[in-house]
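To be precise, the following lines are work.txt, and they hold compact mmCIF, C-alpha atoms.
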```
# COMPACT_ATOMS: atom_id res chain seq x y z
CA MET A 629 12.31 189.32 -35.21
CA ARG A 630 12.93 190.32 -38.80
CA HIS A 631 12.46 186.67 -39.84
CA ILE A 632 9.06 186.52 -38.09
CA LYS A 633 7.87 189.72 -39.81
CA LYS A 634 8.98 188.40 -43.18
CA SER A 635 7.13 185.12 -42.60
CA LEU A 636 3.97 186.98 -41.62
CA THR A 637 4.20 189.19 -44.71
CA LEU A 638 4.58 186.17 -46.98
CA ALA A 639 1.66 184.43 -45.31
CA VAL A 640 -0.61 187.45 -45.74
CA ALA A 641 0.41 187.85 -49.38
CA ALA A 642 -0.26 184.21 -50.04
CA GLY A 643 -3.70 184.56 -48.46
CA VAL A 644 -4.50 187.57 -50.65
CA LEU A 645 -3.43 185.70 -53.77
CA THR A 646 -5.53 182.71 -52.80
CA ALA A 647 -8.61 184.86 -52.21
CA ALA A 648 -8.14 186.63 -55.52
CA SER A 649 -7.72 183.44 -57.54
CA PRO A 650 -10.81 182.25 -59.40
CA ALA A 651 -12.40 179.03 -58.20
CA LEU A 652 -11.28 176.00 -60.14
CA SER A 653 -13.94 174.45 -62.33
CA GLN A 654 -15.02 170.87 -61.72
CA ASP A 655 -16.23 168.50 -64.40
CA VAL A 656 -19.12 166.19 -63.56
CA THR A 657 -20.02 162.73 -64.81
CA ILE A 658 -23.46 161.27 -64.27
CA GLY A 659 -24.83 157.95 -65.43
CA PHE A 660 -27.89 156.93 -67.42
CA LEU A 661 -29.10 153.43 -66.67
CA GLY A 662 -32.00 151.83 -68.51
CA GLY A 663 -33.46 149.24 -70.83
CA LEU A 664 -31.91 150.27 -74.13
CA THR A 665 -32.61 146.71 -75.26
CA GLY A 666 -35.39 144.41 -74.16
CA PRO A 667 -39.14 144.99 -73.78
CA ILE A 668 -39.05 148.81 -73.68
CA GLU A 669 -36.26 149.46 -76.17
CA ALA A 670 -38.66 151.32 -78.48
CA MET A 671 -39.22 153.92 -75.77
CA ALA A 672 -35.58 154.34 -74.77
CA PRO A 673 -34.24 156.71 -77.48
CA GLY A 674 -36.71 159.46 -76.62
CA ILE A 675 -35.98 159.11 -72.91
CA VAL A 676 -32.22 159.32 -73.41
CA ALA A 677 -32.69 162.33 -75.71
CA GLY A 678 -34.74 164.12 -73.05
CA ALA A 679 -32.00 163.68 -70.44
CA GLN A 680 -29.21 164.67 -72.84
CA LEU A 681 -31.05 167.85 -73.80
CA ALA A 682 -30.92 169.05 -70.20
CA LEU A 683 -27.18 168.48 -69.96
CA ASP A 684 -26.56 170.14 -73.33
CA GLN A 685 -28.29 173.25 -72.04
CA VAL A 686 -26.14 173.27 -68.89
CA ASN A 687 -22.96 173.11 -70.94
CA GLU A 688 -24.19 175.74 -73.42
CA GLN A 689 -25.06 178.18 -70.60
CA GLY A 690 -21.71 178.41 -68.86
CA GLY A 691 -21.29 174.89 -67.54
CA ILE A 692 -21.45 173.53 -64.00
CA LEU A 693 -19.35 174.20 -60.90
CA ASP A 694 -17.52 177.32 -62.06
CA GLY A 695 -17.42 176.42 -65.74
CA GLY A 696 -16.92 172.68 -65.69
CA SER A 697 -18.70 170.41 -68.14
CA ILE A 698 -21.25 167.74 -67.35
CA ARG A 699 -21.43 164.51 -69.34
CA MET A 700 -23.55 161.37 -69.23
CA ILE A 701 -22.41 157.77 -69.56
CA THR A 702 -25.24 155.58 -70.86
CA VAL A 703 -25.39 151.91 -69.87
CA ASP A 704 -27.91 149.29 -70.98
CA SER A 705 -29.57 147.23 -68.25
CA ALA A 706 -32.15 145.50 -70.49
CA CYS A 707 -35.16 146.20 -68.25
CA ASP A 708 -33.92 143.49 -65.90
CA ALA A 709 -32.96 143.37 -62.21
CA THR A 710 -29.71 141.49 -62.88
CA GLY A 711 -28.89 143.84 -65.75
CA GLY A 712 -29.61 146.76 -63.43
CA ALA A 713 -27.28 145.39 -60.78
CA ASN A 714 -24.46 144.95 -63.29
CA ALA A 715 -25.00 148.36 -64.89
CA GLY A 716 -25.25 150.03 -61.50
CA ASP A 717 -21.99 148.43 -60.39
CA ARG A 718 -20.23 149.70 -63.48
CA LEU A 719 -21.52 153.26 -63.12
CA VAL A 720 -20.98 153.53 -59.37
CA ASN A 721 -17.74 151.63 -58.86
CA THR A 722 -15.93 151.79 -62.21
CA GLU A 723 -17.09 155.04 -63.82
CA ASN A 724 -17.43 156.73 -60.38
CA VAL A 725 -20.43 158.81 -61.43
CA THR A 726 -21.77 161.48 -59.12
CA ALA A 727 -25.42 160.52 -59.68
CA ILE A 728 -27.66 158.47 -61.98
CA VAL A 729 -30.66 159.09 -64.19
CA GLY A 730 -32.55 155.79 -64.11
CA GLY A 731 -33.38 153.06 -64.28
CA LEU A 732 -36.42 152.87 -66.48
CA CYS A 733 -38.08 149.56 -65.59
CA THR A 734 -38.61 149.26 -61.84
CA GLY A 735 -36.75 145.96 -61.57
CA GLU A 736 -33.55 147.41 -63.00
CA THR A 737 -33.87 150.49 -60.79
CA ILE A 738 -34.20 148.40 -57.64
CA GLY A 739 -31.45 146.03 -58.78
CA ALA A 740 -29.05 148.91 -59.39
CA ALA A 741 -29.99 150.70 -56.18
CA GLN A 742 -29.60 147.69 -53.92
CA SER A 743 -26.41 146.36 -55.46
CA ALA A 744 -24.49 149.60 -55.97
CA GLY A 745 -26.42 152.86 -55.69
CA ILE A 746 -27.36 152.72 -52.02
CA PRO A 747 -24.06 151.20 -50.81
CA GLY A 748 -22.22 153.80 -52.88
CA ASN A 749 -24.32 156.74 -51.57
CA VAL A 750 -25.42 157.63 -55.12
CA VAL A 751 -28.59 159.60 -55.81
CA MET A 752 -30.75 158.00 -58.50
CA ILE A 753 -33.72 159.67 -60.19
CA SER A 754 -35.88 157.45 -62.36
CA PRO A 755 -37.98 159.07 -65.08
CA ALA A 756 -40.00 155.91 -65.78
CA SER A 757 -40.02 153.41 -62.89
CA THR A 758 -43.64 153.36 -61.78
CA ALA A 759 -44.11 150.27 -59.58
CA PRO A 760 -45.33 150.95 -56.02
CA SER A 761 -42.50 148.74 -54.69
CA LEU A 762 -40.11 151.64 -55.22
CA THR A 763 -42.00 153.65 -52.60
CA THR A 764 -41.16 151.19 -49.83
CA LEU A 765 -37.53 150.63 -50.83
CA ASP A 766 -35.14 151.18 -47.90
CA ASP A 767 -32.94 153.62 -49.80
CA ASN A 768 -31.44 156.13 -47.32
CA ASP A 769 -33.24 158.91 -49.24
CA LEU A 770 -31.26 158.22 -52.39
CA VAL A 771 -33.89 156.97 -54.88
CA PHE A 772 -36.38 159.41 -56.41
CA ARG A 773 -38.65 159.46 -59.45
CA THR A 774 -40.10 162.17 -61.66
CA THR A 775 -43.03 160.04 -62.80
CA PRO A 776 -46.02 159.07 -60.68
CA SER A 777 -46.29 155.65 -59.09
CA ASP A 778 -48.62 153.03 -60.54
CA ALA A 779 -50.44 153.25 -57.24
CA PHE A 780 -51.61 156.55 -58.75
CA GLN A 781 -51.80 155.47 -62.41
CA GLY A 782 -53.75 152.32 -61.48
CA VAL A 783 -56.37 154.40 -59.72
CA LYS A 784 -56.65 156.75 -62.69
CA LEU A 785 -57.03 153.88 -65.17
CA ALA A 786 -59.76 152.37 -63.01
CA GLU A 787 -61.60 155.67 -62.75
CA LEU A 788 -61.33 156.16 -66.51
CA MET A 789 -62.75 152.73 -67.31
CA LEU A 790 -65.66 153.18 -64.90
CA SER A 791 -66.41 156.67 -66.26
CA LYS A 792 -66.85 155.09 -69.71
CA GLY A 793 -69.40 152.64 -68.38
CA ILE A 794 -67.07 149.64 -68.58
CA ASP A 795 -68.10 147.80 -65.43
CA ASP A 796 -66.46 144.39 -65.96
CA VAL A 797 -63.05 143.46 -67.36
CA ALA A 798 -60.65 140.55 -67.69
CA LEU A 799 -57.18 141.53 -66.48
CA THR A 800 -53.74 140.14 -67.32
CA TYR A 801 -50.39 141.56 -66.28
CA VAL A 802 -46.71 140.76 -66.69
CA ASN A 803 -45.36 139.01 -63.62
CA ASN A 804 -42.76 141.54 -62.46
CA ASP A 805 -42.62 144.59 -60.19
CA TYR A 806 -44.25 146.78 -62.80
CA GLY A 807 -47.12 144.46 -63.71
CA VAL A 808 -47.91 143.23 -60.20
CA GLY A 809 -47.93 146.70 -58.64
CA PHE A 810 -49.97 148.25 -61.44
CA ALA A 811 -52.49 145.39 -61.45
CA ASP A 812 -52.97 145.49 -57.68
CA ALA A 813 -53.60 149.24 -57.71
CA PHE A 814 -55.97 148.99 -60.66
CA ALA A 815 -57.94 146.04 -59.29
CA THR A 816 -58.36 147.59 -55.86
CA ALA A 817 -59.62 150.92 -57.23
CA TYR A 818 -61.77 149.34 -59.93
CA GLU A 819 -63.60 147.02 -57.54
CA ALA A 820 -63.94 149.76 -54.94
CA GLY A 821 -65.65 151.86 -57.62
CA GLY A 822 -68.18 149.12 -58.36
CA GLY A 823 -66.43 147.33 -61.23
CA THR A 824 -66.02 143.56 -61.52
CA ILE A 825 -62.81 141.83 -62.53
CA THR A 826 -64.02 138.59 -64.05
CA ALA A 827 -60.51 137.15 -64.44
CA ASN A 828 -57.22 138.27 -62.91
CA LEU A 829 -54.21 136.47 -64.38
CA ALA A 830 -50.45 137.04 -64.21
CA HIS A 831 -48.39 135.95 -67.20
CA GLU A 832 -44.67 135.44 -67.76
CA ASP A 833 -42.86 137.70 -70.19
CA LEU A 834 -41.22 136.68 -73.47
CA LYS A 835 -43.38 133.66 -74.27
CA ALA A 836 -44.27 132.95 -77.89
CA ASP A 837 -47.76 131.67 -77.13
CA TYR A 838 -50.35 133.00 -74.69
CA ARG A 839 -53.36 131.21 -76.15
CA ALA A 840 -53.88 129.13 -73.01
CA GLU A 841 -53.93 132.24 -70.85
CA LEU A 842 -56.25 133.97 -73.29
CA GLY A 843 -58.61 131.00 -73.18
CA ASN A 844 -58.87 131.35 -69.41
CA LEU A 845 -59.43 135.08 -69.67
CA ALA A 846 -62.06 134.74 -72.40
CA SER A 847 -63.98 132.10 -70.46
CA SER A 848 -64.81 134.76 -67.89
CA GLY A 849 -67.29 136.24 -70.35
CA SER A 850 -65.95 139.79 -70.28
CA GLU A 851 -65.70 141.61 -73.61
CA THR A 852 -62.98 143.97 -72.33
CA LEU A 853 -59.37 142.89 -71.84
CA VAL A 854 -56.96 145.02 -69.79
CA VAL A 855 -53.30 144.24 -70.54
CA LEU A 856 -50.65 145.66 -68.20
CA ALA A 857 -47.42 144.66 -69.95
CA TYR A 858 -45.00 145.94 -72.62
CA ALA A 859 -45.80 146.82 -76.22
CA SER A 860 -42.44 145.41 -77.36
CA SER A 861 -42.89 142.11 -75.57
CA SER A 862 -45.71 140.09 -73.98
CA GLY A 863 -48.24 142.89 -74.40
CA GLN A 864 -47.93 142.82 -78.18
CA THR A 865 -48.10 139.03 -78.38
CA ILE A 866 -51.18 138.90 -76.16
CA ILE A 867 -52.98 141.60 -78.13
CA ARG A 868 -52.11 139.98 -81.47
CA GLN A 869 -53.31 136.55 -80.37
CA ALA A 870 -56.41 138.01 -78.72
CA LEU A 871 -57.34 139.70 -81.99
CA GLU A 872 -56.88 136.38 -83.79
CA SER A 873 -59.26 134.67 -81.35
CA GLY A 874 -61.90 137.41 -81.60
CA ASN A 875 -62.95 136.86 -77.98
CA PHE A 876 -62.72 140.51 -76.90
CA LEU A 877 -64.25 143.68 -78.29
CA THR A 878 -62.44 146.33 -76.25
CA TYR A 879 -58.84 146.64 -75.04
CA ALA A 880 -57.08 148.84 -72.49
CA GLY A 881 -53.59 149.15 -71.05
CA GLY A 882 -51.10 151.32 -69.23
CA ASP A 883 -47.96 153.19 -70.17
CA GLY A 884 -46.03 150.03 -71.03
CA MET A 885 -48.41 149.46 -73.94
CA VAL A 886 -47.41 152.69 -75.67
CA GLY A 887 -45.19 152.08 -78.69
CA ASP A 888 -45.43 151.51 -82.43
CA SER A 889 -44.22 147.94 -81.91
CA LEU A 890 -47.71 147.15 -80.63
CA PHE A 891 -48.94 147.22 -84.23
CA ALA A 892 -46.40 144.74 -85.61
CA GLY A 893 -48.04 141.93 -87.55
CA ILE A 894 -51.61 143.08 -87.03
CA ASP A 895 -54.19 145.26 -88.74
CA ALA A 896 -53.77 148.47 -86.75
CA SER A 897 -57.37 149.46 -87.38
CA ALA A 898 -58.45 146.46 -85.32
CA LEU A 899 -57.23 148.35 -82.23
CA ASP A 900 -59.18 151.53 -82.94
CA GLY A 901 -60.67 152.74 -79.68
CA MET A 902 -58.17 150.98 -77.41
CA ILE A 903 -57.72 152.97 -74.19
CA VAL A 904 -54.22 153.58 -72.81
CA THR A 905 -52.90 155.68 -69.92
CA ARG A 906 -49.47 157.14 -69.34
CA ALA A 907 -47.74 159.88 -67.40
CA GLY A 908 -48.40 163.20 -69.08
CA ALA A 909 -46.86 166.63 -69.19
CA PHE A 910 -48.09 169.28 -66.83
CA GLU A 911 -50.32 171.69 -68.75
CA GLY A 912 -48.68 174.92 -67.69
CA GLU A 913 -45.89 177.35 -68.50
CA SER A 914 -43.08 174.93 -67.70
CA ALA A 915 -44.54 172.31 -70.07
CA SER A 916 -44.86 174.85 -72.88
CA VAL A 917 -41.31 176.08 -72.35
CA PHE A 918 -39.99 172.53 -72.48
CA ALA A 919 -41.96 171.74 -75.63
CA ASP A 920 -40.46 174.76 -77.41
CA LEU A 921 -36.93 173.97 -76.27
CA ALA A 922 -37.23 170.30 -77.23
CA THR A 923 -38.69 171.05 -80.64
CA ALA A 924 -35.92 173.56 -81.39
CA ALA A 925 -33.33 170.92 -80.44
CA GLY A 926 -34.92 168.22 -82.60
CA VAL A 927 -36.20 166.26 -79.58
CA GLU A 928 -39.78 164.96 -79.65
CA PRO A 929 -41.41 166.71 -76.65
CA ASP A 930 -44.27 164.22 -76.48
CA ALA A 931 -42.08 161.10 -76.53
CA ILE A 932 -43.06 158.92 -73.59
CA TYR A 933 -41.05 159.87 -70.50
CA ALA A 934 -38.90 162.39 -72.38
CA PRO A 935 -40.15 165.30 -70.19
CA GLN A 936 -39.58 163.23 -67.05
CA ALA A 937 -36.06 162.31 -68.20
CA TYR A 938 -35.30 165.95 -68.90
CA ASP A 939 -36.46 166.83 -65.38
CA ALA A 940 -34.37 164.07 -63.80
CA ALA A 941 -31.17 165.26 -65.50
CA PHE A 942 -31.84 168.96 -64.92
CA LEU A 943 -32.65 168.31 -61.26
CA LEU A 944 -29.38 166.46 -60.79
CA ALA A 945 -27.42 169.30 -62.37
CA LEU A 946 -29.15 171.85 -60.15
CA ALA A 947 -28.56 169.73 -57.05
CA ILE A 948 -24.87 169.28 -57.89
CA GLU A 949 -24.51 173.05 -58.39
CA LYS A 950 -26.30 173.66 -55.09
CA ASN A 951 -24.09 171.10 -53.34
CA GLY A 952 -21.04 172.99 -54.61
CA ASN A 953 -18.95 170.02 -55.72
CA ASN A 954 -18.99 166.83 -57.75
CA GLU A 955 -19.07 164.57 -54.71
CA ARG A 956 -21.95 162.29 -53.70
CA GLU A 957 -22.21 163.36 -50.07
CA GLY A 958 -24.94 165.92 -49.43
CA LEU A 959 -26.53 165.60 -52.87
CA SER A 960 -29.82 164.13 -51.64
CA ALA A 961 -30.43 167.07 -49.31
CA ALA A 962 -29.48 169.53 -52.06
CA LEU A 963 -31.95 167.84 -54.42
CA ARG A 964 -34.80 168.38 -51.99
CA GLU A 965 -33.77 172.03 -51.51
CA ILE A 966 -33.80 172.96 -55.21
CA SER A 967 -37.07 171.20 -56.02
CA THR A 968 -39.42 172.59 -53.38
CA ALA A 969 -40.70 175.93 -52.11
CA PRO A 970 -39.70 178.44 -50.98
CA GLY A 971 -37.53 179.77 -53.74
CA GLU A 972 -37.58 181.58 -57.04
CA ILE A 973 -39.19 179.49 -59.76
CA ILE A 974 -36.78 177.99 -62.29
CA LEU A 975 -38.26 176.74 -65.56
CA PRO A 976 -36.76 174.24 -68.02
CA GLY A 977 -33.74 175.74 -69.79
CA GLU A 978 -33.13 178.44 -67.17
CA TRP A 979 -29.73 177.13 -66.12
CA GLU A 980 -27.85 180.42 -66.20
CA LYS A 981 -30.51 182.08 -64.05
CA ALA A 982 -30.45 179.20 -61.57
CA ARG A 983 -26.65 179.20 -61.37
CA GLU A 984 -26.55 182.92 -60.59
CA LEU A 985 -29.20 182.61 -57.88
CA ILE A 986 -27.40 179.67 -56.26
CA ALA A 987 -24.11 181.58 -56.33
CA ALA A 988 -25.85 184.49 -54.60
CA GLY A 989 -27.11 182.19 -51.87
CA GLN A 990 -30.75 182.45 -52.89
CA ASP A 991 -33.27 179.62 -52.82
CA ILE A 992 -34.66 178.18 -56.05
CA ASN A 993 -37.63 175.95 -56.84
CA TYR A 994 -37.49 174.01 -60.11
CA GLU A 995 -40.84 173.68 -61.91
CA GLY A 996 -40.36 170.86 -64.37
CA ALA A 997 -41.44 169.80 -67.82
CA GLY A 998 -43.65 167.25 -66.07
CA GLY A 999 -44.97 169.77 -63.53
CA THR A 1000 -44.35 170.39 -59.85
CA LEU A 1001 -41.66 168.17 -58.37
CA ASP A 1002 -42.37 168.26 -54.65
CA PHE A 1003 -40.91 164.93 -53.57
CA ASP A 1004 -42.61 163.28 -50.64
CA ALA A 1005 -40.73 161.37 -47.93
CA ALA A 1006 -40.38 158.36 -50.23
CA GLY A 1007 -39.08 160.40 -53.18
CA ASP A 1008 -42.39 160.17 -55.04
CA ILE A 1009 -44.49 162.81 -56.81
CA ASP A 1010 -48.18 162.91 -57.72
CA GLY A 1011 -47.72 163.85 -61.36
CA VAL A 1012 -50.28 163.85 -64.15
CA ILE A 1013 -51.91 160.86 -65.90
CA VAL A 1014 -53.35 161.30 -69.39
CA GLU A 1015 -55.72 159.23 -71.51
CA LEU A 1016 -54.66 158.07 -74.96
CA ARG A 1017 -56.86 156.42 -77.58
CA ILE A 1018 -55.62 154.42 -80.53
CA GLU A 1019 -56.99 155.56 -83.89
CA GLY A 1020 -55.62 154.44 -87.26
CA GLY A 1021 -52.44 153.04 -85.79
CA GLN A 1022 -51.66 156.17 -83.79
CA TYR A 1023 -51.88 157.15 -80.13
CA ILE A 1024 -54.13 160.21 -79.82
CA GLU A 1025 -53.93 162.11 -76.54
CA VAL A 1026 -57.44 162.73 -75.23
CA GLY A 1027 -56.45 164.73 -72.17
CA VAL A 1028 -55.64 164.68 -68.48
CA ILE A 1029 -57.64 162.25 -66.36
CA GLU A 1030 -59.06 164.48 -63.64
```
Please re-express this file's structure in structure tokens.
Amino acid sequence: MRHIKKSLTLAVAAGVLTAASPALSQDVTIGFLGGLTGPIEAMAPGIVAGAQLALDQVNEQGGILDGGSIRMITVDSACDATGGANAGDRLVNTENVTAIVGGLCTGETIGAAQSAGIPGNVVMISPASTAPSLTTLDDNDLVFRTTPSDAFQGVKLAELMLSKGIDDVALTYVNNDYGVGFADAFATAYEAGGGTITANLAHEDLKADYRAELGNLASSGSETLVVLAYASSSGQTIIRQALESGNFLTYAGGDGMVGDSLFAGIDASALDGMIVTRAGAFEGESASVFADLATAAGVEPDAIYAPQAYDAAFLLALAIEKNGNNEREGLSAALREISTAPGEIILPGEWEKARELIAAGQDINYEGAGGTLDFDAAGDIDGVIVELRIEGGQYIEVGVIE
């Protein structure tokens, strides 16, 4: 009997000690997957910086999961589906990351998701993959994006062109997920609005000469050329050779055409007035807060997709904290919980506040640098599309396309 009492006493004491012990912190590793080289390499540094800023703030404000640190492993996938598959395999199966920011180009995102992310039950949030094909991906609710689909951007570009009285265009687009999806959305909306596409031509990336394609486009008689490609690759070559031919008076493009590399080897003033669209920052308190935080940290707040990358990384940190561990299981559901109403609004940089609310069992609703992040069933958001105009070799933001 005495032995039983002693055992019970020891068991109770052990339970008290366990309850009184502080929770052990857990470190977290996430991945960043994207085209650090290849056709969008000029954009990549600002995107990576946006994501890293979010994680720096988490670590500076007490860390994650009871004081653990969160770090990001960055892997180049060269804006390519095969590169995405290889990078995804490394992050998921070798580095054993909890989640992934990326990819950037849609092809690398889909390649990584199908080869490793989905089989490995890894949540991926892309800050820059815009092709509509991501919407229909069979992803087990694992693939999200913080930038609007080109199904949305294409409509906005079409509306913008028509509002300027441009009622016929020649269209060329890079023959990949990004170009095809964007071109289809643009063409459908443009023609539905009364515009005429006099020529509609896909082109292959990374060619040295597009003069044959430009000849076909110019023969349509349109004075406006819409190029849906990349400023560091085919888009730049096509624009440069089109300027040499003198067959077009007006140019337009989408987000892929944003980048100083567009002006390489040409007289930048020749592109004055060129119309470009891209995802923009939400014009509200959360955008202003992010801009101040980024500027103070030496990060360019207006860098293309930097706000969206910040949101992707901050969302993952919040979801991991909500999930209560550094495991992959349950993270998708936690992501949806912390990004939608009801819940107390969390703005960029408010990690400590969010952590305390989560610990208290209260709901939160993150309002991002790019605006509201209410993911639909496919993991998409509406977002904001802005108009840019090229003047003197610079991209000048005109404003939100309503």
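Of the listed residues A:Ile866, A:Gln1022, A:Leu683, A:Gly822, the one whose atoms come nearest to Asp837 (chain A) is A:Ile866, with distances taken using only C-alpha atoms.
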Quiz prompt | Nearest to Phe876 (chain A), chosen from A:Glu928, A:Glu984, A:Glu851, A:Glu688, with only C-alpha atoms counted in the distances | solution =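 Between A:Glu928, A:Glu984, A:Glu851, A:Glu688, the residue approaching Phe876 (chain A) most closely is A:Glu851.
Each of A:Glu965, A:Asp805, A:Glu957, A:Asp930 was compared to Gly678 (chain A) using all atoms listed in the file, and A:Asp930 turns out to be the nearest.
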Quiz item: What's the 10 Å shell around Asp694 (chain A), counting all atoms listed in the file, without same-chain residues fewer than 5 positions away, as a PyMOL selection string?
Solution: chain A and resi 650-655+949+952-953+983+987
Can you tell me, as a tab-separated table (two decimals) with C-alpha atoms, keeping the file's coordinate frame, what residues are no more than 10 Å from Tyr938 (chain A) when counting only C-alpha atoms, ignoring any on the same chain fewer than 6 positions away?
```
chain	number	residue	atom	x	y	z
A	675	ILE	CA	-35.98	159.11	-72.91
A	676	VAL	CA	-32.22	159.32	-73.41
A	677	ALA	CA	-32.69	162.33	-75.71
A	678	GLY	CA	-34.74	164.12	-73.05
A	679	ALA	CA	-32.00	163.68	-70.44
A	680	GLN	CA	-29.21	164.67	-72.84
A	681	LEU	CA	-31.05	167.85	-73.80
A	682	ALA	CA	-30.92	169.05	-70.20
A	683	LEU	CA	-27.18	168.48	-69.96
A	729	VAL	CA	-30.66	159.09	-64.19
A	755	PRO	CA	-37.98	159.07	-65.08
A	774	THR	CA	-40.10	162.17	-61.66
A	918	PHE	CA	-39.99	172.53	-72.48
A	922	ALA	CA	-37.23	170.30	-77.23
A	929	PRO	CA	-41.41	166.71	-76.65
A	976	PRO	CA	-36.76	174.24	-68.02
A	977	GLY	CA	-33.74	175.74	-69.79
A	996	GLY	CA	-40.36	170.86	-64.37
A	997	ALA	CA	-41.44	169.80	-67.82
A	998	GLY	CA	-43.65	167.25	-66.07
```
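Distances from A:Phe1003, A:Phe660, A:Tyr806, A:Tyr801 to Ala827 (chain A) were compared using only C-alpha atoms, and the smallest one belongs to A:Tyr801.
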Quiz item: Quick one, how far is CA of Ser861 (chain A) from CA of Ser791 (chain A)?
Solution: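 Interatomic distance here is 29.2 Å.
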Quiz item: Using only C-alpha atoms, what residues lie at most 12 Å away from (-47.3, 172.8, -70.3) (file coordinates), given as a ChimeraX atom specification?
Solution: /A:908-920,929-930,935,975-976,995-1000,1012,1028
Output C-alpha atoms of each residue in that selection to a file, as a CSV table (one decimal), keeping the file's coordinate frame.
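Output below, filename selection29.csv:
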```csv
chain,number,residue,atom,x,y,z
A,908,GLY,CA,-48.4,163.2,-69.1
A,909,ALA,CA,-46.9,166.6,-69.2
A,910,PHE,CA,-48.1,169.3,-66.8
A,911,GLU,CA,-50.3,171.7,-68.8
A,912,GLY,CA,-48.7,174.9,-67.7
A,913,GLU,CA,-45.9,177.4,-68.5
A,914,SER,CA,-43.1,174.9,-67.7
A,915,ALA,CA,-44.5,172.3,-70.1
A,916,SER,CA,-44.9,174.8,-72.9
A,917,VAL,CA,-41.3,176.1,-72.4
A,918,PHE,CA,-40.0,172.5,-72.5
A,919,ALA,CA,-42.0,171.7,-75.6
A,920,ASP,CA,-40.5,174.8,-77.4
A,929,PRO,CA,-41.4,166.7,-76.6
A,930,ASP,CA,-44.3,164.2,-76.5
A,935,PRO,CA,-40.2,165.3,-70.2
A,975,LEU,CA,-38.3,176.7,-65.6
A,976,PRO,CA,-36.8,174.2,-68.0
A,995,GLU,CA,-40.8,173.7,-61.9
A,996,GLY,CA,-40.4,170.9,-64.4
A,997,ALA,CA,-41.4,169.8,-67.8
A,998,GLY,CA,-43.6,167.2,-66.1
A,999,GLY,CA,-45.0,169.8,-63.5
A,1000,THR,CA,-44.4,170.4,-59.8
A,1012,VAL,CA,-50.3,163.8,-64.2
A,1028,VAL,CA,-55.6,164.7,-68.5
```
Practice problem: Pick out the residues sitting within 8 Å of Arg868 (chain A), and hand them over as number ranges by chain; count only C-alpha atoms, and ignore anything fewer than 4 positions along from it in its own chain. | Solution: A: 864, 872, 893-894
Quiz prompt | CA of Ile728 (chain A) to CA of Gly666 (chain A), straight-line distance in Å | solution =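 Separation of CA of Gly666 (chain A) and CA of Ile728 (chain A): 20.1 Å.
Nearest to Val750 (chain A) of all the residues A:Ile867, A:Leu963, A:Ile668, A:Thr726 is A:Thr726, counting only C-alpha atoms.
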Quiz item: If you measure from CA of Glu723 (chain A) to CA of Leu762 (chain A), what distance in Å do you get, rounded to one decimal?
Solution: 24.8 Å
Quiz prompt | Best match for closeness to Val703 (chain A) among A:Thr665, A:Thr824, A:Ser897, A:Thr800, counting all atoms listed in the file | solution =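 Closest to Val703 (chain A), using all atoms listed in the file: A:Thr665.
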Exercise. Within 9 Å of region 881-892 of chain A, counting only C-alpha atoms, which residues show up once you throw out same-chain ones fewer than 4 positions away? Write them as an MDAnalysis selection string, please.
Key: chainID A and resid 667:668 670:671 781:782 785 810 853:861 863:865 867:868 896 899 902:907 932 1021:1023
Quiz prompt | Close residues, Gly662 (chain A) itself excluded, 6 Å, all atoms listed in the file, min 5 positions apart in chain, as an MDAnalysis selection string | solution = chainID A and resid 704:705 730:732
Keeping just N, CA and C atoms, export region 684-692 of chain A of this structure as an mmCIF file, in the first residue's frame.
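After the write, selection_35.cif holds the following:
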```cif
data_model
loop_
_atom_site.group_PDB
_atom_site.id
_atom_site.type_symbol
_atom_site.label_atom_id
_atom_site.label_comp_id
_atom_site.auth_asym_id
_atom_site.auth_seq_id
_atom_site.Cartn_x
_atom_site.Cartn_y
_atom_site.Cartn_z
ATOM 1 N N ASP A 684 12.237 38.628 -41.017
ATOM 2 C CA ASP A 684 13.070 39.404 -40.095
ATOM 3 C C ASP A 684 12.223 40.008 -38.978
ATOM 4 N N GLN A 685 11.049 40.499 -39.335
ATOM 5 C CA GLN A 685 10.181 41.107 -38.328
ATOM 6 C C GLN A 685 9.679 40.070 -37.327
ATOM 7 N N VAL A 686 9.376 38.873 -37.812
ATOM 8 C CA VAL A 686 8.963 37.793 -36.906
ATOM 9 C C VAL A 686 10.060 37.510 -35.891
ATOM 10 N N ASN A 687 11.278 37.361 -36.359
ATOM 11 C CA ASN A 687 12.390 37.033 -35.467
ATOM 12 C C ASN A 687 12.708 38.174 -34.509
ATOM 13 N N GLU A 688 12.542 39.416 -34.981
ATOM 14 C CA GLU A 688 12.823 40.583 -34.135
ATOM 15 C C GLU A 688 11.757 40.784 -33.064
ATOM 16 N N GLN A 689 10.553 40.261 -33.280
ATOM 17 C CA GLN A 689 9.444 40.465 -32.343
ATOM 18 C C GLN A 689 9.113 39.194 -31.555
ATOM 19 N N GLY A 690 10.147 38.513 -31.098
ATOM 20 C CA GLY A 690 9.922 37.389 -30.196
ATOM 21 C C GLY A 690 9.955 36.025 -30.834
ATOM 22 N N GLY A 691 10.073 35.960 -32.155
ATOM 23 C CA GLY A 691 10.178 34.668 -32.810
ATOM 24 C C GLY A 691 8.858 33.958 -32.980
ATOM 25 N N ILE A 692 8.934 32.712 -33.418
ATOM 26 C CA ILE A 692 7.770 31.902 -33.762
ATOM 27 C C ILE A 692 7.726 30.662 -32.870
#
```
